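Structure first, then comments.
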Amino acid sequence: MDGAPLVSWTDGPAKRTLLDFVARVTKEGGPDFVRPAERIATFDNDGTLWCEQPMQSQLFFADDRLRALAGKDPTLKDRQPYKAFLEHDLKTIASLGKQGAFEVAFATHAGLTEDEFMSAARAWLASARHPKLGRLYTQCVYQPQIELLDHLRANGFKNFIVSGGGIDLMRAFAEEVYGIPPERVIGSSVKTRFEMRDGRAELFKLPELGSFDDRDVKPQNIGLHIGRRPILAFGNSDGDLSMLRYVKSGSGARLALLLHHDDAEREFAYDREFRLSPLVEALDHADAYGIEVVSMRRDWNKVFAG
C-alpha cells in the first residue's frame with residue numbers, strides 16, 4: 001500500500017494501538033506473530049463501516065420496496081407495522097426492536113430471486129440518498145475504516161463483514177466499496193426455496209427469517225462460516241459485544257474495538273438511547289472486557305471521503 005497508513009486517523013492512542021497490533025502480529029519470529037491463514041478480522045457494518053442513523057440503511061431500502069408494494073395493495077397503508085414504515089414513524093419502528101424491524105424489511109423482498117434482488121439493490125444504491133446527509137448511501141461509508149481495511153489487507157489479513165444487516169444488500173456493494181468479496185460477508189438472511197422455473201434453477205426469497213445475525217448469533221455464524229476465531233473485531237453496539245468478547249477470549253495477540261458515535265457535528269452522537277441498536281453494556285464495561293473504545297470525534301480527523 002502506497003503512502004502512510006491510516007491518514008484519516010488522528011495521531012493518538014487508537015491509531016498507535018492499531019498500527020502496533022498489526023506490526024506485532026506480522027513480525028516473523030516475534031512473540032506475537034500470527035501466520036497469515038489466521039489473520040482474520042471481522043467488522044460489523046451498520047454504524048461501524050457506514051452510517052446507521054436515523055435508522056439502518058436496510059430499513060430505508062425496504063421502505064422504498066414497501067412503497068412499490070403499497071401501490072399494488074393500498075391496504076398496506078392502513079396496516080401496522082407497514083403503516084409506520086410508509087409514514088416514516090420512527091418511534092413505532094423503534095418499538096419493534098431491531099429484529100422486529102428487520103423482519104418487516106425482509107418480508108418486503110419475498111418472491112424475488114437472488115438475481116432480481118441484486119438488480120433492485122444495486123439500482124437503489126446507485127440512486128437513493130441518505131435523508132439527513134444528502135449523500136448516496138455508499139458515500140456514507142467511513143473513510144478511516146476504508147483505510148483500516150486496506151492496511152489490514154496489505155498485511156495479510158482476511159477481512160470479513162459480520163453484521164445484522166441483510167446479507168444480500170451488503171453483498172451488492174461490499175466488494176466495490178470495501179474490497180470484501182461476497183463470500184466474506186455474513187449477515188441476516190431469509191429462508192429461500194429452490195425451484196426450476198422455465199428450465200432455470202433459482203432460489204426464491206421467502207417471507208421468513210432464516211438467521212438474524214446479531215448478539216450471540218454473530219460468534220455462532222463466525223464459527224459456522226469462517227471456522228477460525230478472528231484476532232481482530234470491530235463493532236459499535238451491544239449487538240457486537242458477543243463477537244468482541246469471542247475474539248478477546250482466544251489465545252495470543254487479540255484486539256477488539258468499539259466505535260463510539262460522539263460526533264454530532266460531523267455525523268451523529270448517540271449510544272444507549274438508540275433503541276434499534278443500543279450501546280450500553282459494551283461501553284460501560286469496555287475496560288473490564290479489554291475492549292478499545294474509538295471516539296469518532298477524537299480519533300478520526302475525517303469521517304466521510306470527499
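As shown in the C-alpha cells, the chain order sets the letters A, B, ...; within each chain, residues go from 1, and ligands are also counted from 1 in the order they appear.
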
* Just the residues within 12 Å of Thr17 of chain A, please, counting only C-alpha atoms, with nothing from its chain fewer than 3 positions along; format it as a PyMOL selection string. => chain A and resi 6+9-14+20-24+232+254-257+291-294+299

Selection export as a short mmCIF file (atom, residue, chain, number, x, y, z; two decimals), in the first residue's frame, atoms kept: C-alpha atoms:
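Resulting contents of again19.cif:
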data_model
loop_
_atom_site.label_atom_id
_atom_site.label_comp_id
_atom_site.auth_asym_id
_atom_site.auth_seq_id
_atom_site.Cartn_x
_atom_site.Cartn_y
_atom_site.Cartn_z
CA LEU A 6 -4.46 5.42 8.45
CA TRP A 9 -6.96 8.65 11.93
CA THR A 10 -5.78 11.27 14.40
CA ASP A 11 -2.33 10.62 15.80
CA GLY A 12 -3.12 9.27 19.23
CA PRO A 13 -3.69 6.10 21.30
CA ALA A 14 -6.25 4.46 18.99
CA ASP A 20 1.27 -1.59 16.87
CA PHE A 21 -1.07 -4.59 16.79
CA VAL A 22 -0.64 -5.12 13.05
CA ALA A 23 3.13 -4.73 13.36
CA ARG A 24 3.32 -7.26 16.20
CA LEU A 232 -9.41 -8.56 15.45
CA ARG A 254 -6.10 -10.07 20.20
CA LEU A 255 -7.74 -6.71 19.53
CA ALA A 256 -11.40 -5.78 19.98
CA LEU A 257 -12.53 -2.25 19.11
CA ILE A 291 -12.19 -3.54 24.54
CA GLU A 292 -10.59 -0.44 22.99
CA VAL A 293 -13.07 2.42 22.58
CA VAL A 294 -12.56 4.53 19.47
CA ASP A 299 -9.73 9.63 16.88
#

* Taking the backbone alone, and naming residues the way the document does, which bits of segment 54-162 of chain A are alpha helix (DSSP H) by DSSP, as a ChimeraX atom specification? -> /A:57-72,82-86,90-95,97-107,114-127,143-154

Output the selection as a PDB file, in the first residue's frame - C-alpha atoms for each residue.
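Contents of part26.pdb, as written:
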ATOM      1  CA  SER A  57     -29.946   1.602   5.562  1.00  0.00           C
ATOM      2  CA  GLN A  58     -31.572  -1.813   5.186  1.00  0.00           C
ATOM      3  CA  LEU A  59     -34.780  -0.274   6.527  1.00  0.00           C
ATOM      4  CA  PHE A  60     -34.659   2.633   4.080  1.00  0.00           C
ATOM      5  CA  PHE A  61     -34.199   0.152   1.242  1.00  0.00           C
ATOM      6  CA  ALA A  62     -37.192  -1.848   2.490  1.00  0.00           C
ATOM      7  CA  ASP A  63     -39.194   1.360   2.786  1.00  0.00           C
ATOM      8  CA  ASP A  64     -38.781   2.041  -0.931  1.00  0.00           C
ATOM      9  CA  ARG A  65     -39.690  -1.551  -1.705  1.00  0.00           C
ATOM     10  CA  LEU A  66     -42.768  -1.286   0.531  1.00  0.00           C
ATOM     11  CA  ARG A  67     -43.942   1.837  -1.281  1.00  0.00           C
ATOM     12  CA  ALA A  68     -43.877  -0.073  -4.541  1.00  0.00           C
ATOM     13  CA  LEU A  69     -45.882  -2.884  -2.964  1.00  0.00           C
ATOM     14  CA  ALA A  70     -48.361  -0.411  -1.477  1.00  0.00           C
ATOM     15  CA  GLY A  71     -49.038   0.865  -4.974  1.00  0.00           C
ATOM     16  CA  LYS A  72     -50.370  -2.593  -5.790  1.00  0.00           C
ATOM     17  CA  TYR A  82     -46.271  -1.357   7.309  1.00  0.00           C
ATOM     18  CA  LYS A  83     -48.104   1.889   8.085  1.00  0.00           C
ATOM     19  CA  ALA A  84     -45.222   3.001  10.329  1.00  0.00           C
ATOM     20  CA  PHE A  85     -42.679   2.480   7.564  1.00  0.00           C
ATOM     21  CA  LEU A  86     -44.773   4.258   4.968  1.00  0.00           C
ATOM     22  CA  LEU A  90     -39.506   6.176  13.616  1.00  0.00           C
ATOM     23  CA  LYS A  91     -40.943   5.860  17.129  1.00  0.00           C
ATOM     24  CA  THR A  92     -43.197   2.960  16.146  1.00  0.00           C
ATOM     25  CA  ILE A  93     -40.438   1.357  14.065  1.00  0.00           C
ATOM     26  CA  ALA A  94     -38.060   1.576  17.031  1.00  0.00           C
ATOM     27  CA  SER A  95     -40.690  -0.017  19.284  1.00  0.00           C
ATOM     28  CA  GLY A  97     -36.882  -3.701  18.193  1.00  0.00           C
ATOM     29  CA  LYS A  98     -34.095  -4.347  15.734  1.00  0.00           C
ATOM     30  CA  GLN A  99     -35.099  -7.903  14.863  1.00  0.00           C
ATOM     31  CA  GLY A 100     -38.774  -6.992  14.518  1.00  0.00           C
ATOM     32  CA  ALA A 101     -37.991  -4.057  12.246  1.00  0.00           C
ATOM     33  CA  PHE A 102     -35.680  -6.159  10.115  1.00  0.00           C
ATOM     34  CA  GLU A 103     -38.264  -8.937   9.830  1.00  0.00           C
ATOM     35  CA  VAL A 104     -40.636  -6.405   8.271  1.00  0.00           C
ATOM     36  CA  ALA A 105     -37.870  -5.269   5.944  1.00  0.00           C
ATOM     37  CA  PHE A 106     -37.043  -8.795   4.833  1.00  0.00           C
ATOM     38  CA  ALA A 107     -40.711  -9.608   4.249  1.00  0.00           C
ATOM     39  CA  GLU A 114     -31.297 -13.757  -5.974  1.00  0.00           C
ATOM     40  CA  ASP A 115     -30.634 -12.049  -9.305  1.00  0.00           C
ATOM     41  CA  GLU A 116     -33.778  -9.913  -9.060  1.00  0.00           C
ATOM     42  CA  PHE A 117     -32.867  -8.809  -5.561  1.00  0.00           C
ATOM     43  CA  MET A 118     -29.311  -7.963  -6.582  1.00  0.00           C
ATOM     44  CA  SER A 119     -30.538  -5.906  -9.517  1.00  0.00           C
ATOM     45  CA  ALA A 120     -33.000  -3.997  -7.296  1.00  0.00           C
ATOM     46  CA  ALA A 121     -30.394  -3.437  -4.586  1.00  0.00           C
ATOM     47  CA  ARG A 122     -27.779  -2.090  -6.981  1.00  0.00           C
ATOM     48  CA  ALA A 123     -30.289   0.216  -8.641  1.00  0.00           C
ATOM     49  CA  TRP A 124     -31.317   1.578  -5.227  1.00  0.00           C
ATOM     50  CA  LEU A 125     -27.723   2.059  -4.089  1.00  0.00           C
ATOM     51  CA  ALA A 126     -26.962   3.936  -7.303  1.00  0.00           C
ATOM     52  CA  SER A 127     -29.740   6.484  -6.774  1.00  0.00           C
ATOM     53  CA  GLN A 143     -13.035   6.871   5.299  1.00  0.00           C
ATOM     54  CA  PRO A 144     -10.926   5.882   8.355  1.00  0.00           C
ATOM     55  CA  GLN A 145     -12.396   2.384   8.212  1.00  0.00           C
ATOM     56  CA  ILE A 146     -11.697   2.055   4.497  1.00  0.00           C
ATOM     57  CA  GLU A 147      -8.070   2.886   5.308  1.00  0.00           C
ATOM     58  CA  LEU A 148      -8.025   0.324   8.108  1.00  0.00           C
ATOM     59  CA  LEU A 149      -9.420  -2.387   5.833  1.00  0.00           C
ATOM     60  CA  ASP A 150      -6.741  -1.513   3.271  1.00  0.00           C
ATOM     61  CA  HIS A 151      -3.984  -1.591   5.880  1.00  0.00           C
ATOM     62  CA  LEU A 152      -5.092  -4.960   7.199  1.00  0.00           C
ATOM     63  CA  ARG A 153      -5.359  -6.393   3.693  1.00  0.00           C
ATOM     64  CA  ALA A 154      -1.878  -5.119   2.835  1.00  0.00           C
TER      65      ALA A 154
END

* To do: May I have all residues of segment 100-277 of chain A that DSSP, computed from the backbone, assigns to strand (DSSP E), given as a count of residues only?
  => 44

* To do: List the neighbours of Arg184 of chain A out to 10 Å using only C-alpha atoms; skip same-chain residues closer than 5 positions along the sequence, and give me the result as a list of chain:residue names.
  =>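 Near neighbours after the sequence-gap exclusion: A:Thr42, A:Lys158, A:Asn159, A:Phe160, A:Ile161, A:Val162, A:Arg171, A:Ala174, A:Glu175, A:His225, A:Ile226.
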
Taking C-alpha atoms for each residue, export the selection above as a JSON list (two decimals), in the first residue's frame.
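Ended up saving to result-v3.json:
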[["chain", "number", "residue", "atom", "x", "y", "z"],
["A", 42, "THR", "CA", -14.36, -9.17, 11.43],
["A", 158, "LYS", "CA", -8.64, -11.54, 5.51],
["A", 159, "ASN", "CA", -11.42, -9.06, 6.26],
["A", 160, "PHE", "CA", -14.97, -10.24, 6.86],
["A", 161, "ILE", "CA", -18.22, -8.40, 7.48],
["A", 162, "VAL", "CA", -20.33, -9.88, 10.29],
["A", 171, "ARG", "CA", -23.10, -8.19, -0.98],
["A", 174, "ALA", "CA", -19.18, -4.69, -0.28],
["A", 175, "GLU", "CA", -16.63, -5.75, -2.87],
["A", 225, "HIS", "CA", -18.97, -19.74, 8.10],
["A", 226, "ILE", "CA", -15.33, -18.84, 8.87]]
